[in-house]
Amino acid sequence: MTGREEEQSVLSRCLAALANGKAPPHDVVLVGPCGNGKTVLLNWFAAACRTSRKRVDVLTLTPSDVSDRQALMAALAPRRVLARLLPRKIAITSVGSAEWAASGGGRSLAGALTARCRRRPLAVLLDEAHTLDIEVGSALLNASQQVRGAAPFMLVLAGTPGLPRHLDAMDASFWGRLADGLLGIGRLSLSATKEALTKPLLAHDVSVDADALAMTAEHSQCYPYFIQLWGDALWKQHLATGVSRLKVGHVAAALPHLNARVTSYYQGRFAELEASGLITAARAVAPLFQAQAQAQADSSVSPSNQEIDAALASAGIEAERDRFRAREGLNDLGYIWRPPGQLPPVLWQAGIPSLMTHVLAHAHAERSRAREIR
């Protein structure tokens with residue numbers, strides 16, 4: 001959780017409201033490229049709910065758990081829970097005891113969920129929300145809006161940078177409550193990266209030399225998944241050598257295996273771009289982000305919408321509509337993304353700068369092979 005103190009603070013305030021029997025002032029949406037720790041944050045919050053001094057129920061879901069409205073109702077308001085509640089305890093104006101009886105206890109989602117939350121506060125955590133069915137999402141978001149006015153309930157959604165656009169497609173008055181609840185989850189700062197690499201080792205009396213730490217942090221790109229890989233590699237070096245102070249030589253010894261894992265990961269991401277028809281666009285914008293290939297992202301060298309558009313146009317993507325689709329497609333996959341909460345001009349970040357180096361190197365290799373064939 002190193003480097004995620006701000007996000008933890010927002011979620012902790014929401015949990016405090018739930019524990020006191022109130023709906024938080026807003027729900028929370030975590031947005032960022034894959035591998036930046038959104039699921040880790042969800043798991044941390046779920047554990048915090050379960051260990052809260054005043055008990056808060058927590059339900060962790062993925063879109064596959066709620067593939068249709070019936071599954072959504074079964075997940076959020078199961079019969080075994082509602083069976084313990086009397087109809088008179090359900091106080092949504094549009095749904096009364098007569099409707100409960102007429103529907104055989106099926107009820108509306110909002111009415112059933114309100115009944116459940118009045119019994120005990122509830123937090124619903126939905127990961128991979130960018131793949132949520134639009135009709136199911138619309139039902140969930142609108143129910144959340146209704147329930148929060150009557151009972152302690154909150155919704156936490158996590159997904160890739162395409163999530164906000166996906167939620168916009170759902171006919172729900174959801175965004176009005178998210179001024180402080182839309183959180184961008186990107187790469188860590190350089191200082192947080194170094195802390196994340198060293199703190200777990202220090203707990204076992206293992207340290208890392210400054211030069212070795214700088215080398216490791218730079219290679220990780222401050223990208224949480226790569227930080228995790230490096231933490232594993234450094235620990236294995238400690239176990240293999242028995243030394244309690246890791247040096248540059250230990251980092252160098254771990255590099256071949258770690259580079260193989262990173263390359264394998266990049267091959268998967270490249271295939272994802274290829275399957276989406278976005279390789280040309282990915283190659284076109286990559287040079288704009290080369291300055292971000294340093295360990296720490298620097299917003300001062302982040303390209304704007306206009307620069308992205310110009311790069312796509314120079315690659316032969318001539319129609320404005322096609323350039324928009326290409327840009328948003330790259331955003332949906334987290335190859336590039338615009339952290340939320342920016343005032344114009346909107347600046348873009350690379351999901352992982354070194355992935356762009358891989359994409360460009362792959363293009364260079366393809367051109368070399370084509371020349372050999374000719």
# chains A, B, ... in the order shown; residues from 1 in each chain; ligands from 1
call {"tool": "select_by_dssp", "arguments": {"residues": "segment 8-207 of chain A", "states": "alpha helix (DSSP H)", "output": "PyMOL selection string"}}
result
chain A and resi 8-19+38-50+69-76+79-82+97-102+109-119+134-148+163-168+190-202
call {"tool": "closest_residue", "arguments": {"among": "A:Gly184, A:Pro287, A:Gly351, A:Pro121", "to": "Val31 of chain A", "atoms": "only C-alpha atoms"}}
result
A:Gly184
call {"tool": "closest_residue", "arguments": {"among": "A:Gly268, A:Pro25, A:Gly162, A:Gly137", "to": "Leu330 of chain A", "atoms": "only C-alpha atoms"}}
result
A:Gly162
call {"tool": "closest_residue", "arguments": {"among": "A:Ile352, A:Ala212, A:Ala158, A:Ile279", "to": "Phe226 of chain A", "atoms": "only C-alpha atoms"}}
result
A:Ile352
call {"tool": "atom_distance", "arguments": {"atom1": "atom CA of Thr263 of chain A", "atom2": "atom CA of Gly231 of chain A"}}
result
17.5 Å
call {"tool": "atom_distance", "arguments": {"atom1": "atom CA of Ala77 of chain A", "atom2": "atom CA of Ala19 of chain A"}}
result
19.9 Å
call {"tool": "residues_around", "arguments": {"residues": "Tyr265 of chain A", "least_positions_apart": "3", "cutoff": "12 Å", "atoms": "only C-alpha atoms", "output": "list of chain:residue names"}}
result
A:Cys34, A:Gly35, A:Tyr225, A:Phe226, A:Leu229, A:Leu258, A:Asn259, A:Ala260, A:Arg261, A:Val262, A:Gly268, A:Arg269, A:Phe270, A:Ala271, A:Glu272, A:Ile352, A:Ser354, A:Leu355, A:His358
